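Enquirer: What follows is model.txt, compact mmCIF, C-alpha atoms.
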# COMPACT_ATOMS: atom_id res chain seq x y z
CA MET G 32 -30.65 -8.06 -1.66
CA GLU G 33 -31.73 -11.62 -1.03
CA ASN G 34 -29.78 -13.30 -3.80
CA PHE G 35 -26.43 -15.00 -4.19
CA LYS G 36 -24.80 -12.21 -6.21
CA PHE G 37 -25.53 -9.60 -3.56
CA ALA G 38 -24.22 -11.90 -0.82
CA PHE G 39 -21.09 -12.71 -2.83
CA ILE G 40 -20.23 -9.07 -3.54
CA LEU G 41 -20.99 -8.14 0.08
CA LYS G 42 -18.64 -10.81 1.43
CA LEU G 43 -15.96 -9.91 -1.12
CA MET G 44 -16.11 -6.22 -0.25
CA LEU G 45 -15.98 -6.96 3.49
CA THR G 46 -12.85 -9.06 2.88
CA LEU G 47 -11.21 -6.36 0.75
CA PHE G 48 -12.10 -3.59 3.23
CA GLY G 49 -10.74 -5.73 6.04
CA ILE G 50 -7.38 -5.96 4.26
CA THR G 51 -7.12 -2.32 3.15
CA ASN G 52 -8.82 -0.58 6.09
CA GLU G 53 -5.65 0.40 7.93
CA ILE G 54 -4.08 2.27 5.00
CA PRO G 55 -6.34 5.36 5.08
CA LYS G 56 -6.17 5.39 8.88
CA ILE G 57 -2.38 5.52 9.01
CA LEU G 58 -2.10 7.97 6.10
CA GLN G 59 -4.54 10.38 7.77
CA ALA G 60 -2.91 10.17 11.19
CA LYS G 61 -1.49 13.44 12.50
CA ASP G 62 1.68 11.70 13.66
CA LEU G 63 2.26 9.85 10.37
CA ILE G 64 5.33 7.66 10.53
CA ILE G 65 6.47 7.15 6.95
CA VAL G 66 8.35 3.93 7.68
CA LEU G 67 5.25 2.28 9.15
CA ALA G 68 3.09 3.53 6.29
CA MET G 69 5.49 2.04 3.72
CA GLU G 70 5.59 -1.28 5.54
CA LEU G 71 1.80 -1.35 5.77
CA VAL G 72 1.40 -0.68 2.03
CA ASP G 73 3.79 -3.54 1.26
CA ASP G 74 1.92 -5.84 3.67
CA VAL G 75 -1.45 -4.97 2.12
CA LYS G 76 -0.12 -5.60 -1.39
CA ALA G 77 1.18 -8.99 -0.25
CA ARG G 78 -2.16 -9.88 1.38
CA LEU G 79 -4.07 -8.92 -1.76
CA ALA G 80 -1.73 -11.08 -3.84
CA THR G 81 -2.34 -14.00 -1.44
CA LEU G 82 -6.10 -13.45 -1.59
CA ARG G 83 -6.01 -13.50 -5.38
CA GLU G 84 -3.80 -16.56 -5.47
CA SER G 85 -5.51 -18.73 -2.87
CA GLY G 86 -8.46 -16.91 -1.33
CA TRP G 87 -11.25 -17.96 -3.68
CA ASP G 88 -12.15 -21.23 -1.93
CA ASP G 89 -12.45 -19.67 1.54
CA LEU G 90 -14.55 -16.79 0.23
CA PHE G 91 -16.84 -19.09 -1.72
CA ILE G 92 -17.38 -21.36 1.31
CA ASP G 93 -18.14 -18.30 3.45
CA VAL G 94 -20.75 -17.12 0.92
CA GLN G 95 -22.29 -20.60 0.72
CA GLU G 96 -22.62 -20.80 4.50
CA PHE G 97 -24.16 -17.33 4.61
CA CYS G 98 -26.69 -18.21 1.91
CA PHE G 99 -27.58 -21.47 3.64
CA ALA G 100 -28.09 -19.68 6.99
CA GLN G 101 -30.33 -17.09 5.30
CA SER G 102 -32.20 -19.67 3.19
CA MET G 103 -31.01 -17.99 0.00
CA PRO G 104 -30.89 -20.12 -3.18
CA MET G 105 -27.47 -21.03 -4.54
CA PRO G 106 -26.88 -20.98 -8.31
CA ASN G 107 -25.47 -23.99 -10.11
CA MET G 108 -21.87 -22.92 -10.66
CA ASP G 109 -21.55 -25.08 -13.79
CA GLU G 110 -24.60 -23.52 -15.44
CA GLU G 111 -23.87 -21.23 -18.36
CA ILE G 112 -25.20 -17.69 -18.26
CA PRO G 113 -25.22 -14.95 -20.89
CA VAL G 114 -22.94 -11.95 -20.30
CA ARG G 115 -22.35 -8.91 -22.45
CA ASP G 116 -18.83 -8.48 -23.78
CA ARG G 117 -17.92 -4.87 -23.04
CA SER G 118 -15.31 -4.57 -25.76
CA ARG G 119 -17.40 -6.03 -28.59
CA ARG G 120 -20.86 -5.33 -27.15
CA GLU G 121 -21.87 -8.87 -27.95
CA GLU G 122 -23.41 -11.49 -25.74
CA ARG G 123 -21.47 -14.61 -24.87
CA THR G 124 -21.98 -17.40 -22.38
CA VAL G 125 -19.80 -18.33 -19.42
CA THR G 126 -20.34 -20.53 -16.41
CA ASN G 127 -21.46 -19.02 -13.12
CA LEU G 128 -18.12 -20.12 -11.67
CA HIS G 129 -16.18 -18.19 -14.33
CA HIS G 130 -18.43 -15.15 -13.91
CA TYR G 131 -18.00 -14.93 -10.14
CA ARG G 132 -14.35 -15.90 -9.95
CA ALA G 133 -12.82 -14.32 -13.07
CA GLU G 134 -15.15 -11.41 -13.74
CA ILE G 135 -15.89 -10.27 -10.19
CA PHE G 136 -13.37 -11.73 -7.70
CA TYR G 137 -10.20 -11.30 -9.80
CA VAL G 138 -11.30 -8.02 -11.36
CA ALA G 139 -12.08 -6.39 -7.98
CA ILE G 140 -8.70 -7.39 -6.54
CA ASP G 141 -6.83 -6.38 -9.70
CA LYS G 142 -8.44 -2.93 -9.75
CA ILE G 143 -7.41 -2.28 -6.15
CA CYS G 144 -3.86 -3.48 -6.89
CA VAL G 145 -3.62 -1.23 -9.96
CA GLU G 146 -4.85 1.74 -7.93
CA MET G 147 -2.35 1.00 -5.16
CA ASP G 148 0.49 0.69 -7.68
CA HIS G 149 -0.59 4.03 -9.14
CA ARG G 150 -0.78 5.80 -5.78
CA PHE G 151 2.25 4.08 -4.26
CA SER G 152 4.50 3.72 -7.29
CA LYS G 153 8.14 2.68 -7.12
CA GLY G 154 9.10 6.33 -7.59
CA SER G 155 7.07 7.51 -4.61
CA ASN G 156 8.35 4.57 -2.56
CA VAL G 157 11.93 5.67 -3.29
CA VAL G 158 11.10 9.15 -1.96
CA LEU G 159 9.40 7.72 1.13
CA ASP G 160 12.33 5.40 1.70
CA CYS G 161 14.70 8.37 1.58
CA PHE G 162 12.53 10.31 4.03
CA SER G 163 12.51 7.31 6.35
CA SER G 164 16.15 8.19 7.10
CA LEU G 165 14.77 11.05 9.19
CA ASP G 166 12.83 8.72 11.50
CA PRO G 167 13.72 9.96 15.02
CA LYS G 168 13.21 6.56 16.66
CA ASN G 169 16.20 5.04 18.43
CA SER G 170 18.21 8.24 18.18
CA PHE G 171 17.84 8.49 14.39
CA SER G 172 19.19 4.96 13.96
CA LYS G 173 18.01 4.95 10.32
CA PHE G 174 19.94 8.13 9.47
CA ASP G 175 21.38 7.45 6.02
CA ILE G 176 23.55 10.04 4.29
CA ASP G 177 23.21 8.41 0.86
CA LYS G 178 19.41 8.47 1.00
CA LEU G 179 19.27 12.06 2.25
CA ALA G 180 21.73 13.21 -0.41
CA ARG G 181 19.57 11.46 -2.99
CA LEU G 182 16.62 13.65 -1.93
CA ALA G 183 18.60 16.68 -3.09
CA ASN G 184 18.78 15.12 -6.55
CA ILE G 185 15.11 14.11 -6.56
CA TYR G 186 14.09 17.66 -5.55
CA HIS G 187 16.82 19.27 -7.66
CA ALA G 188 14.73 22.41 -8.32
CA ASP G 189 14.83 23.20 -4.58
CA PHE G 190 18.62 22.94 -4.33
CA SER G 191 21.29 24.96 -6.09
CA ASP G 192 24.15 23.19 -7.88
CA ASP G 193 26.45 24.26 -5.04
CA ASP G 194 24.06 22.86 -2.41
CA ARG G 195 23.80 19.55 -4.24
CA GLY G 196 27.58 19.42 -4.51
CA THR G 197 28.20 19.98 -0.81
CA ILE G 198 25.19 18.33 0.83
CA ARG G 199 26.93 15.00 1.38
CA GLU G 200 29.82 16.65 3.23
CA GLN G 201 27.38 18.74 5.30
CA LEU G 202 25.44 15.63 6.26
CA GLU G 203 28.69 13.84 7.22
CA THR G 204 29.65 16.81 9.40
CA TYR G 205 26.17 16.94 10.94
CA TYR G 206 26.29 13.23 11.73
CA MET G 207 29.73 13.50 13.39
CA ILE G 208 28.71 16.51 15.49
CA VAL G 209 25.34 15.09 16.54
CA HIS G 210 26.38 11.45 16.97
CA GLU G 211 28.69 11.91 19.96
CA PRO G 212 26.17 13.82 22.14
CA LEU G 213 23.50 11.23 21.24
CA ASP G 214 25.84 8.50 22.47
CA GLN G 215 26.07 10.41 25.74
CA ASN G 216 22.25 10.62 26.03
CA CYS G 217 21.96 14.39 25.73
CA ASP G 218 20.23 16.64 23.23
CA GLU G 219 23.09 19.08 22.61
CA GLY G 220 23.95 17.68 19.16
CA PRO G 221 21.62 19.82 17.02
CA LYS G 222 22.54 22.93 19.05
CA LEU G 223 26.25 22.27 18.56
CA PHE G 224 25.72 21.76 14.85
CA LYS G 225 23.88 25.07 14.48
CA LYS G 226 26.56 26.84 16.48
CA LYS G 227 29.43 25.38 14.44
CA MET G 228 27.69 25.91 11.11
CA GLY G 229 26.63 29.45 12.02
CA ASP G 230 22.85 28.66 12.07
Here is the file; what I need is its structure written in the form of structure tokens.
Expert:
Amino acid sequence: MENFKFAFILKLMLTLFGITNEIPKILQAKDLIIVLAMELVDDVKARLATLRESGWDDLFIDVQEFCFAQSMPMPNMDEEIPVRDRSRREERTVTNLHHYRAEIFYVAIDKICVEMDHRFSKGSNVVLDCFSSLDPKNSFSKFDIDKLARLANIYHADFSDDDRGTIREQLETYYMIVHEPLDQNCDEGPKLFKKKMGD
């Protein structure tokens, strides 16, 4: 544990956990707000991209200061070291700087980004964006008929052809019936809609 590589990986992981820590918290919250979760995922992706692009120097200085404070020896970053090539199973030599920056720093960030792209793909983001139209904040200010109608196409197996054909008109009717009572600060809109549509 008292060597540069351990300190470097420790500091890198603390940085990465600091950036990504809020994602599992918000996704596991009982009152999950999809809009906030989507925004957070986008923010984390942007922060990881910034870290990859320009975060190396700050991290390396932080590790150097830590090693100095703990009296841990620092490797010569220009020294060449042997590493095993995983694809060809041959040994090759690279500098310490290349090893730590390209083979640890970049690889760790890239793996997290790939995993995030896999878990939060464009397709799933489209679905979440459509569901965000149901956000009740500000009297359903994000209510979007196009996005909600699109959900019927995305989940086509759950809707009959007739339902998919009429859903846009039903949503327009719902919006007109509910909108006026919301403007008057009362909660009669949904009740009126159920009454008019026959539950």
Enquirer: So which one's closest to Ala180 (chain G), G:Asp193, G:Glu122, G:Glu200, G:Glu111? Using only C-alpha atoms, please.
Expert: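 Closest candidate: G:Glu200.
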Enquirer: Counting only C-alpha atoms, which residues have an atom no more than 9 Å from (-19.2, -18.0, -15.4) in the file's coordinates? Please list them as a list in words.
Expert: Met108, Asp109, Glu110, Glu111, Ile112, Pro113, Val114, Thr124, Val125, Thr126, Asn127, Leu128, His129, His130, Tyr131, Arg132, Ala133 and Glu134 of chain G
Enquirer: With only C-alpha atoms as the basis for distance, which of G:Tyr205, G:Phe97, G:Phe39, G:Phe136 is at the shortest distance from Glu84 (chain G)?
Expert: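 The answer is G:Phe136, which sits nearest to Glu84 (chain G).
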Enquirer: Quick one, how far is CA of Ile92 (chain G) from CA of Asp141 (chain G)?
Expert: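 If I compute the distance from CA of Ile92 (chain G) to CA of Asp141 (chain G), I get 21.4 Å.
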Enquirer: When you count only C-alpha atoms, which of these residues is closest to Met69 (chain G): G:Gln101, G:Ser152, G:Gln95, G:Asn52?
Expert: G:Ser152
Enquirer: Measuring between only C-alpha atoms, which one of G:Glu96, G:Glu53, G:Glu146, G:Glu70 shows the shortest distance to Ser163 (chain G)?
Expert: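 Checking each candidate against Ser163 (chain G), we get G:Glu70 as the closest.
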Enquirer: Using all atoms listed in the file, find each residue in region 101-210 of chain G having at least one atom no more than 9 Å away from region 64-68 of chain G; report its shortest atom-to-atom pair and that distance in Å (one decimal), rows by chain then rising number, as CSV.
Expert:
residue,atom,partner,partner_atom,distance
G:Leu159,CA,G:Ile65,CA,6.5
G:Asp160,CA,G:Val66,CA,7.3
G:Phe162,CA,G:Ile65,CA,7.4
G:Ser163,CA,G:Val66,CA,5.5
G:Ser164,CA,G:Val66,CA,8.9
G:Asp166,CA,G:Val66,CA,7.6
Enquirer: Nearest to Trp87 (chain G) among G:Leu43, G:Ala38, G:Leu182, G:Leu202, with distances taken over only C-alpha atoms: which residue is it?
Expert: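 The shortest atom-to-atom distance to Trp87 (chain G) comes from G:Leu43.
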Enquirer: Just the number, please: distance in Å from CA of Ala80 (chain G) to CA of Asn34 (chain G), one decimal.
Expert: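 Taking CA of Ala80 (chain G) as the start and CA of Asn34 (chain G) as the end point, the length is 28.1 Å.
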Enquirer: For the atom pair CA of Asp74 (chain G) and CA of Leu179 (chain G), what is the interatomic distance in Å to one decimal place?
Expert: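 Between CA of Asp74 (chain G) and CA of Leu179 (chain G) the gap is 25.0 Å.
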Enquirer: Tell me, as a list in words, which residues lie within 9 Å of Thr51 (chain G), counting all atoms listed in the file; anything in the same chain fewer than 2 positions away does not count.
Expert: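 Final neighbour list, sorted by chain and number: Thr46, Leu47, Phe48, Gly49, Glu53, Ile54, Pro55, Val72, Val75, Lys76 and Leu79 of chain G.
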